[in-house]
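S.K.: As input, take entry-v7.cif (mmCIF, C-alpha atoms and all ligand atoms):
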data_protein
#
loop_
_atom_site.label_atom_id
_atom_site.label_comp_id
_atom_site.auth_asym_id
_atom_site.auth_seq_id
_atom_site.Cartn_x
_atom_site.Cartn_y
_atom_site.Cartn_z
CA MET A 198 -4.13 12.41 -1.01
CA SER A 199 -7.28 14.34 -1.60
CA LEU A 200 -10.26 15.29 0.53
CA THR A 201 -13.54 15.58 -1.34
CA VAL A 202 -16.52 17.00 0.53
CA LEU A 203 -19.63 16.19 -1.47
CA ASP A 204 -21.52 19.34 -2.26
CA HIS A 205 -24.94 18.33 -3.52
CA PRO A 206 -28.40 19.47 -2.43
CA LEU A 207 -29.79 15.92 -2.37
CA ILE A 208 -26.99 14.75 -0.09
CA LYS A 209 -27.42 17.72 2.25
CA HIS A 210 -31.17 17.14 2.45
CA LYS A 211 -30.72 13.43 3.18
CA MET A 212 -27.98 14.09 5.76
CA THR A 213 -30.40 16.30 7.69
CA ILE A 214 -32.89 13.42 7.83
CA LEU A 215 -30.15 11.10 9.15
CA ARG A 216 -29.19 13.56 11.88
CA ARG A 217 -32.71 14.05 13.26
CA LYS A 218 -33.17 12.00 16.41
CA GLU A 219 -36.74 11.10 15.42
CA THR A 220 -35.63 9.26 12.26
CA SER A 221 -36.46 5.55 12.57
CA SER A 222 -33.93 2.77 11.90
CA MET A 223 -35.89 1.75 8.83
CA GLU A 224 -35.67 5.23 7.35
CA PHE A 225 -32.06 5.64 8.52
CA ARG A 226 -31.00 2.48 6.65
CA GLN A 227 -32.81 3.57 3.51
CA ILE A 228 -31.24 7.04 3.54
CA VAL A 229 -27.73 5.70 4.25
CA THR A 230 -28.13 3.52 1.16
CA GLU A 231 -29.30 6.49 -0.92
CA ILE A 232 -26.44 8.76 0.20
CA SER A 233 -23.91 5.96 -0.37
CA THR A 234 -25.18 5.54 -3.93
CA LEU A 235 -24.84 9.26 -4.60
CA MET A 236 -21.34 9.28 -3.07
CA GLY A 237 -20.40 6.27 -5.15
CA TYR A 238 -21.06 8.35 -8.25
CA GLU A 239 -18.37 10.81 -7.16
CA VAL A 240 -15.93 8.17 -5.89
CA THR A 241 -15.97 6.43 -9.28
CA ARG A 242 -15.54 9.67 -11.26
CA ASP A 243 -11.88 8.94 -12.08
CA LEU A 244 -12.31 5.35 -13.28
CA GLU A 245 -10.28 4.77 -16.42
CA LEU A 246 -12.05 4.26 -19.73
CA LYS A 247 -11.00 2.65 -22.98
CA ASP A 248 -12.44 2.89 -26.48
CA ILE A 249 -14.56 0.05 -27.75
CA GLU A 250 -16.04 -0.34 -31.20
CA ILE A 251 -19.74 -1.23 -31.17
CA GLU A 252 -22.68 -1.19 -33.54
CA THR A 253 -25.89 0.64 -32.78
CA PRO A 254 -28.98 -0.47 -34.75
CA LEU A 255 -27.98 2.26 -37.24
CA GLU A 256 -24.18 2.23 -37.60
CA LYS A 257 -20.78 1.52 -36.09
CA MET A 258 -19.36 3.82 -33.46
CA VAL A 259 -16.60 3.95 -30.88
CA GLY A 260 -18.00 3.88 -27.34
CA LYS A 261 -16.29 3.81 -23.94
CA GLU A 262 -16.01 1.07 -21.39
CA ILE A 263 -14.43 0.91 -17.96
CA SER A 264 -10.86 -0.39 -18.05
CA GLY A 265 -8.04 -0.33 -15.51
CA LYS A 266 -8.33 -1.44 -11.92
CA LYS A 267 -11.40 -3.29 -10.73
CA ILE A 268 -13.10 -2.28 -7.52
CA GLY A 269 -13.18 -3.86 -4.08
CA ILE A 270 -15.59 -2.56 -1.45
CA VAL A 271 -14.71 -3.06 2.21
CA PRO A 272 -17.16 -2.10 4.95
CA ILE A 273 -15.70 -1.74 8.42
CA LEU A 274 -17.98 -3.74 10.75
CA ARG A 275 -20.53 -3.06 11.75
CA ALA A 276 -21.80 0.34 10.61
CA GLY A 277 -20.00 0.18 7.25
CA ILE A 278 -22.37 -2.61 6.23
CA GLY A 279 -25.11 -0.02 5.90
CA MET A 280 -23.25 1.57 2.99
CA VAL A 281 -22.56 -1.56 0.92
CA ASP A 282 -25.83 -1.77 -1.02
CA GLY A 283 -25.53 1.86 -2.12
CA LEU A 284 -22.10 1.26 -3.65
CA LEU A 285 -23.15 -2.06 -5.19
CA THR A 286 -26.07 -0.33 -6.88
CA ILE A 287 -23.68 1.48 -9.16
CA VAL A 288 -20.77 -0.99 -9.17
CA PRO A 289 -22.61 -4.32 -9.08
CA SER A 290 -19.56 -6.36 -10.08
CA ALA A 291 -17.39 -5.11 -7.19
CA ARG A 292 -16.01 -7.71 -4.78
CA VAL A 293 -16.88 -7.14 -1.13
CA GLY A 294 -14.42 -7.74 1.72
CA HIS A 295 -15.06 -7.15 5.42
CA ILE A 296 -12.87 -5.83 8.22
CA GLY A 297 -14.02 -6.06 11.84
CA MET A 298 -12.31 -3.97 14.52
CA TYR A 299 -12.80 -3.19 18.17
CA ARG A 300 -10.99 -0.86 20.52
CA ASP A 301 -8.91 -2.61 23.18
CA PRO A 302 -10.22 -1.20 26.47
CA GLU A 303 -6.72 -1.06 28.00
CA THR A 304 -4.50 0.14 25.16
CA LEU A 305 -7.39 1.98 23.40
CA LYS A 306 -5.81 0.75 20.15
CA PRO A 307 -7.98 -0.78 17.38
CA VAL A 308 -7.68 -4.58 17.16
CA THR A 309 -8.65 -6.50 14.01
CA TYR A 310 -10.96 -9.40 14.96
CA TYR A 311 -12.13 -10.26 11.44
CA CYS A 312 -10.66 -9.77 8.00
CA LYS A 313 -11.78 -11.37 4.77
CA LEU A 314 -10.69 -9.66 1.57
CA PRO A 315 -10.75 -10.49 -2.12
CA LYS A 316 -7.55 -12.29 -3.23
CA ASP A 317 -6.36 -9.69 -5.72
CA VAL A 318 -6.36 -6.63 -3.43
CA SER A 319 -3.19 -5.29 -5.09
CA SER A 320 -4.84 -5.02 -8.50
CA ARG A 321 -8.06 -3.34 -7.29
CA THR A 322 -9.05 0.10 -6.17
CA MET A 323 -10.16 -0.64 -2.62
CA ILE A 324 -12.99 1.49 -1.21
CA LEU A 325 -13.29 1.46 2.59
CA LEU A 326 -16.73 2.24 4.00
CA ASP A 327 -17.41 3.63 7.47
CA PRO A 328 -20.20 6.15 8.06
CA MET A 329 -18.32 8.01 10.82
CA LEU A 330 -14.74 9.31 10.60
CA ALA A 331 -14.32 10.35 14.23
CA THR A 332 -10.79 10.06 15.70
CA GLY A 333 -9.50 8.31 12.60
CA GLY A 334 -8.05 5.46 14.72
CA THR A 335 -10.20 2.72 13.22
CA LEU A 336 -9.97 3.99 9.66
CA ASN A 337 -6.19 4.30 9.90
CA ALA A 338 -5.93 0.76 11.25
CA ALA A 339 -8.18 -0.58 8.46
CA ILE A 340 -6.03 1.20 5.86
CA ASP A 341 -2.96 -0.41 7.51
CA VAL A 342 -4.60 -3.82 7.03
CA LEU A 343 -5.36 -3.16 3.36
CA LYS A 344 -1.81 -1.99 2.73
CA GLU A 345 -0.35 -5.04 4.52
CA GLU A 346 -2.43 -7.16 2.13
CA GLY A 347 -0.90 -5.31 -0.83
CA ALA A 348 -3.40 -2.57 -1.66
CA THR A 349 -1.86 0.41 -3.44
CA SER A 350 -4.99 2.29 -4.46
CA ILE A 351 -7.29 3.11 -1.53
CA LYS A 352 -10.26 5.43 -1.11
CA THR A 353 -12.46 5.93 1.93
CA VAL A 354 -16.12 6.90 1.97
CA ASN A 355 -17.55 8.41 5.16
CA LEU A 356 -20.84 10.16 5.68
CA LEU A 357 -19.69 12.42 8.51
CA ALA A 358 -16.19 13.41 9.55
CA ALA A 359 -14.65 15.37 12.41
CA PRO A 360 -11.71 17.64 11.53
CA GLU A 361 -9.51 15.62 13.96
CA GLY A 362 -10.23 12.39 12.07
CA ILE A 363 -9.48 13.86 8.66
CA LYS A 364 -6.17 15.23 9.97
CA ALA A 365 -5.22 11.87 11.51
CA VAL A 366 -5.81 9.99 8.24
CA GLU A 367 -4.09 12.65 6.15
CA GLU A 368 -1.02 12.44 8.36
CA ARG A 369 -0.72 8.66 8.50
CA HIS A 370 -1.89 7.84 4.97
CA PRO A 371 -1.22 10.82 2.70
CA ASP A 372 -1.76 8.63 -0.39
CA VAL A 373 -5.40 7.81 0.43
CA ASP A 374 -8.34 9.72 -1.08
CA ILE A 375 -11.07 10.62 1.44
CA TYR A 376 -14.68 11.28 0.40
CA VAL A 377 -17.08 12.68 3.00
CA ALA A 378 -20.63 13.97 2.74
CA GLU A 379 -20.22 16.59 5.49
CA VAL A 380 -17.57 17.75 7.97
CA ASP A 381 -18.80 18.52 11.49
CA ARG A 382 -17.54 20.79 14.27
CA ALA A 383 -15.67 18.57 16.71
CA LEU A 384 -15.52 15.40 18.82
CA ASN A 385 -16.86 15.16 22.35
CA ASP A 386 -14.97 13.48 25.23
CA HIS A 387 -16.35 10.07 24.26
CA GLY A 388 -15.24 10.34 20.64
CA TYR A 389 -18.69 11.17 19.26
CA ILE A 390 -18.98 13.63 16.42
CA LEU A 391 -20.77 16.94 17.21
CA PRO A 392 -23.43 17.76 16.20
CA GLY A 393 -23.25 14.36 14.46
CA LEU A 394 -25.99 11.79 14.25
CA GLY A 395 -25.28 9.59 17.25
CA ASP A 396 -24.05 6.00 17.07
CA ALA A 397 -24.34 5.04 13.41
CA GLY A 398 -24.38 1.29 14.14
CA ASP A 399 -27.14 1.57 16.72
CA ARG A 400 -29.19 3.82 14.49
CA LEU A 401 -28.80 1.50 11.49
CA PHE A 402 -29.61 -1.69 13.32
CA GLY A 403 -31.95 -0.42 16.04
CA THR A 404 -29.79 -1.69 18.89
CA LYS A 405 -30.43 1.15 21.31
N1 LIG A 501 -19.05 6.46 15.74
C1 LIG A 501 -20.37 6.74 15.69
O1 LIG A 501 -21.18 5.88 15.41
N2 LIG A 501 -20.76 8.00 15.96
C2 LIG A 501 -19.90 8.98 16.27
O2 LIG A 501 -20.35 10.12 16.48
C3 LIG A 501 -18.53 8.67 16.30
C4 LIG A 501 -18.13 7.40 16.04
#
Would you kindly transcribe this structure into structure tokens?
M.R.:
Amino acid sequence: MSLTVLDHPLIKHKMTILRRKETSSMEFRQIVTEISTLMGYEVTRDLELKDIEIETPLEKMVGKEISGKKIGIVPILRAGIGMVDGLLTIVPSARVGHIGMYRDPETLKPVTYYCKLPKDVSSRTMILLDPMLATGGTLNAAIDVLKEEGATSIKTVNLLAAPEGIKAVEERHPDVDIYVAEVDRALNDHGYILPGLGDAGDRLFGTK
């Protein structure tokens, strides 16, 4: 497994806009898309290439094209949806699955209430999207689902992570590569990331 913390001035600048409580939902959505696009650039850095002979208007040459595993993007409902367009901007041919989860109020365990994935999960690199990696409970459960469906190559993309969440995913799924824009200080008693940005779903969709 690997943890990649994106270290780019544009991402840091945009993250600060997301965190500000004054930022409107409209701007929040736009910036989440922009950061997701920039993160997608890093997440796709290790895609395999193969040689291909082409002709420019002047002569023949050997260029490169993407080979190897195709990509599947899977937002975790609902906040993950905000990151889909950013990834699709740079991988427009990716298939998009969806996983919906809620926390059972009694057991506090994540329950899958919706799952629709591309058929060939085992032959794709599956990229899970969730803006907030807080306790890691939901992300771990979503990775469980992907693995049960046959996925062998899984990456996660999160805007903000708490150290507790990273540790939880590293321990349960050491084979998964985690990409985060920034790592914050801690979680509060309600599982919110501090200093964080609040409830990502509410901020994206203006539901609060
Ligand atoms: N989910 C959120 O939307 N925000 C947090 O801070 C933690 C989990």
S.K.: For a quick check of understanding, using all atoms listed in the file, which of A:Asp282, A:Ile363, A:Ala276, A:Thr230 has the smallest distance to Glu379 (chain A)?
M.R.: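 Among the listed residues, the smallest separation from Glu379 (chain A) belongs to A:Ile363.
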S.K.: Mind pulling up the distance from CA of Arg369 (chain A) to CA of Asn337 (chain A)?
M.R.: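 That distance, rounded to one decimal, is 7.1 Å.
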S.K.: Given only C-alpha atoms and all ligand atoms as the basis, pick out the residue of A:Lys257, A:His205, A:Lys352, A:Arg216 nearest to ligand LIG 501 (chain A).
M.R.: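 Looking only at the distances to ligand LIG 501 (chain A), the closest residue turns out to be A:Arg216.
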S.K.: Could you list, as a list in words, all protein and nucleic acid residues with an atom at most 8 Å from ligand LIG 501 (chain A), counting all atoms listed in the file?
M.R.: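 Sorted by chain and then by number, the residues are Ala276, Pro328, Met329, Leu330, Ala331, Thr332, Leu384, Gly388, Tyr389, Ile390, Leu391, Gly393, Leu394, Gly395, Asp396, Ala397, Gly398 and Asp399 of chain A.
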S.K.: Please identify all polymer residues within 8 Å of Pro360 (chain A), counting only C-alpha atoms, omitting same-chain residues fewer than 5 positions from it, and present them as a PyMOL selection string.
M.R.: chain A and resi 380-383
S.K.: Take every atom of region 240-249 of chain A listed in the file, fit an axis-aligned box around them, add 8 Å per side, and give the centre and edge lengths in Å to one decimal as AutoDock Vina command-line options.
M.R.:
--center_x -13.1 --center_y 4.9 --center_z -16.8 --size_x 21.7 --size_y 25.6 --size_z 37.9
S.K.: Counting all atoms listed in the file, which of A:Ile351, A:Leu246, A:Ala358, A:Val202 gets nearest to Glu262 (chain A)?
M.R.: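 Among the listed residues, A:Leu246 lies closest to Glu262 (chain A).
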S.K.: In Å to one decimal, how far is CA of Gly265 (chain A) from CA of Glu250 (chain A)?
M.R.: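 These two atoms are separated by 17.6 Å.
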S.K.: Restricting the calculation to all atoms listed in the file: of A:Ile375, A:Ile340, A:Leu207, A:Leu401, which residue gets closest to Thr353 (chain A)?
M.R.: A:Ile375
S.K.: With only C-alpha atoms as the atoms that count, which of A:Gly283, A:Gly297, A:Gly260, A:Pro254 lies nearest to Ser233 (chain A)?
M.R.: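 Of A:Gly283, A:Gly297, A:Gly260, A:Pro254, the one nearest Ser233 (chain A) is A:Gly283, counting only C-alpha atoms.
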S.K.: Can you tell me, as a list in words, what residues are no more than 8 Å from region 238-245 of chain A when counting all atoms listed in the file, ignoring any on the same chain fewer than 6 positions away?
M.R.: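 So the residues in contact are Leu203, Ile263, Ser264, Gly265, Lys266, Ile287, Lys352, Val354 and Tyr376 of chain A.
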S.K.: Measuring between all atoms listed in the file, which one of A:Leu325, A:Ile278, A:Leu305, A:Ile249 shows the shortest distance to Ala348 (chain A)?
M.R.: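 Going through A:Leu325, A:Ile278, A:Leu305, A:Ile249 one by one, the smallest distance to Ala348 (chain A) is for A:Leu325.
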S.K.: Between CA of Asp317 (chain A) and CA of Ile268 (chain A), measure the distance and give it in Å to one decimal.
M.R.: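 Distance reported for this atom pair: 10.2 Å.
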S.K.: Give as a VMD selection string every residue, naming chains and numbers as the document does, that has an atom within 12 Å of (-29.2, 17.6, 2.6), counting all atoms listed in the file.
M.R.: chain A and resid 203 to 217 228 231 to 232 235 356 378 to 379
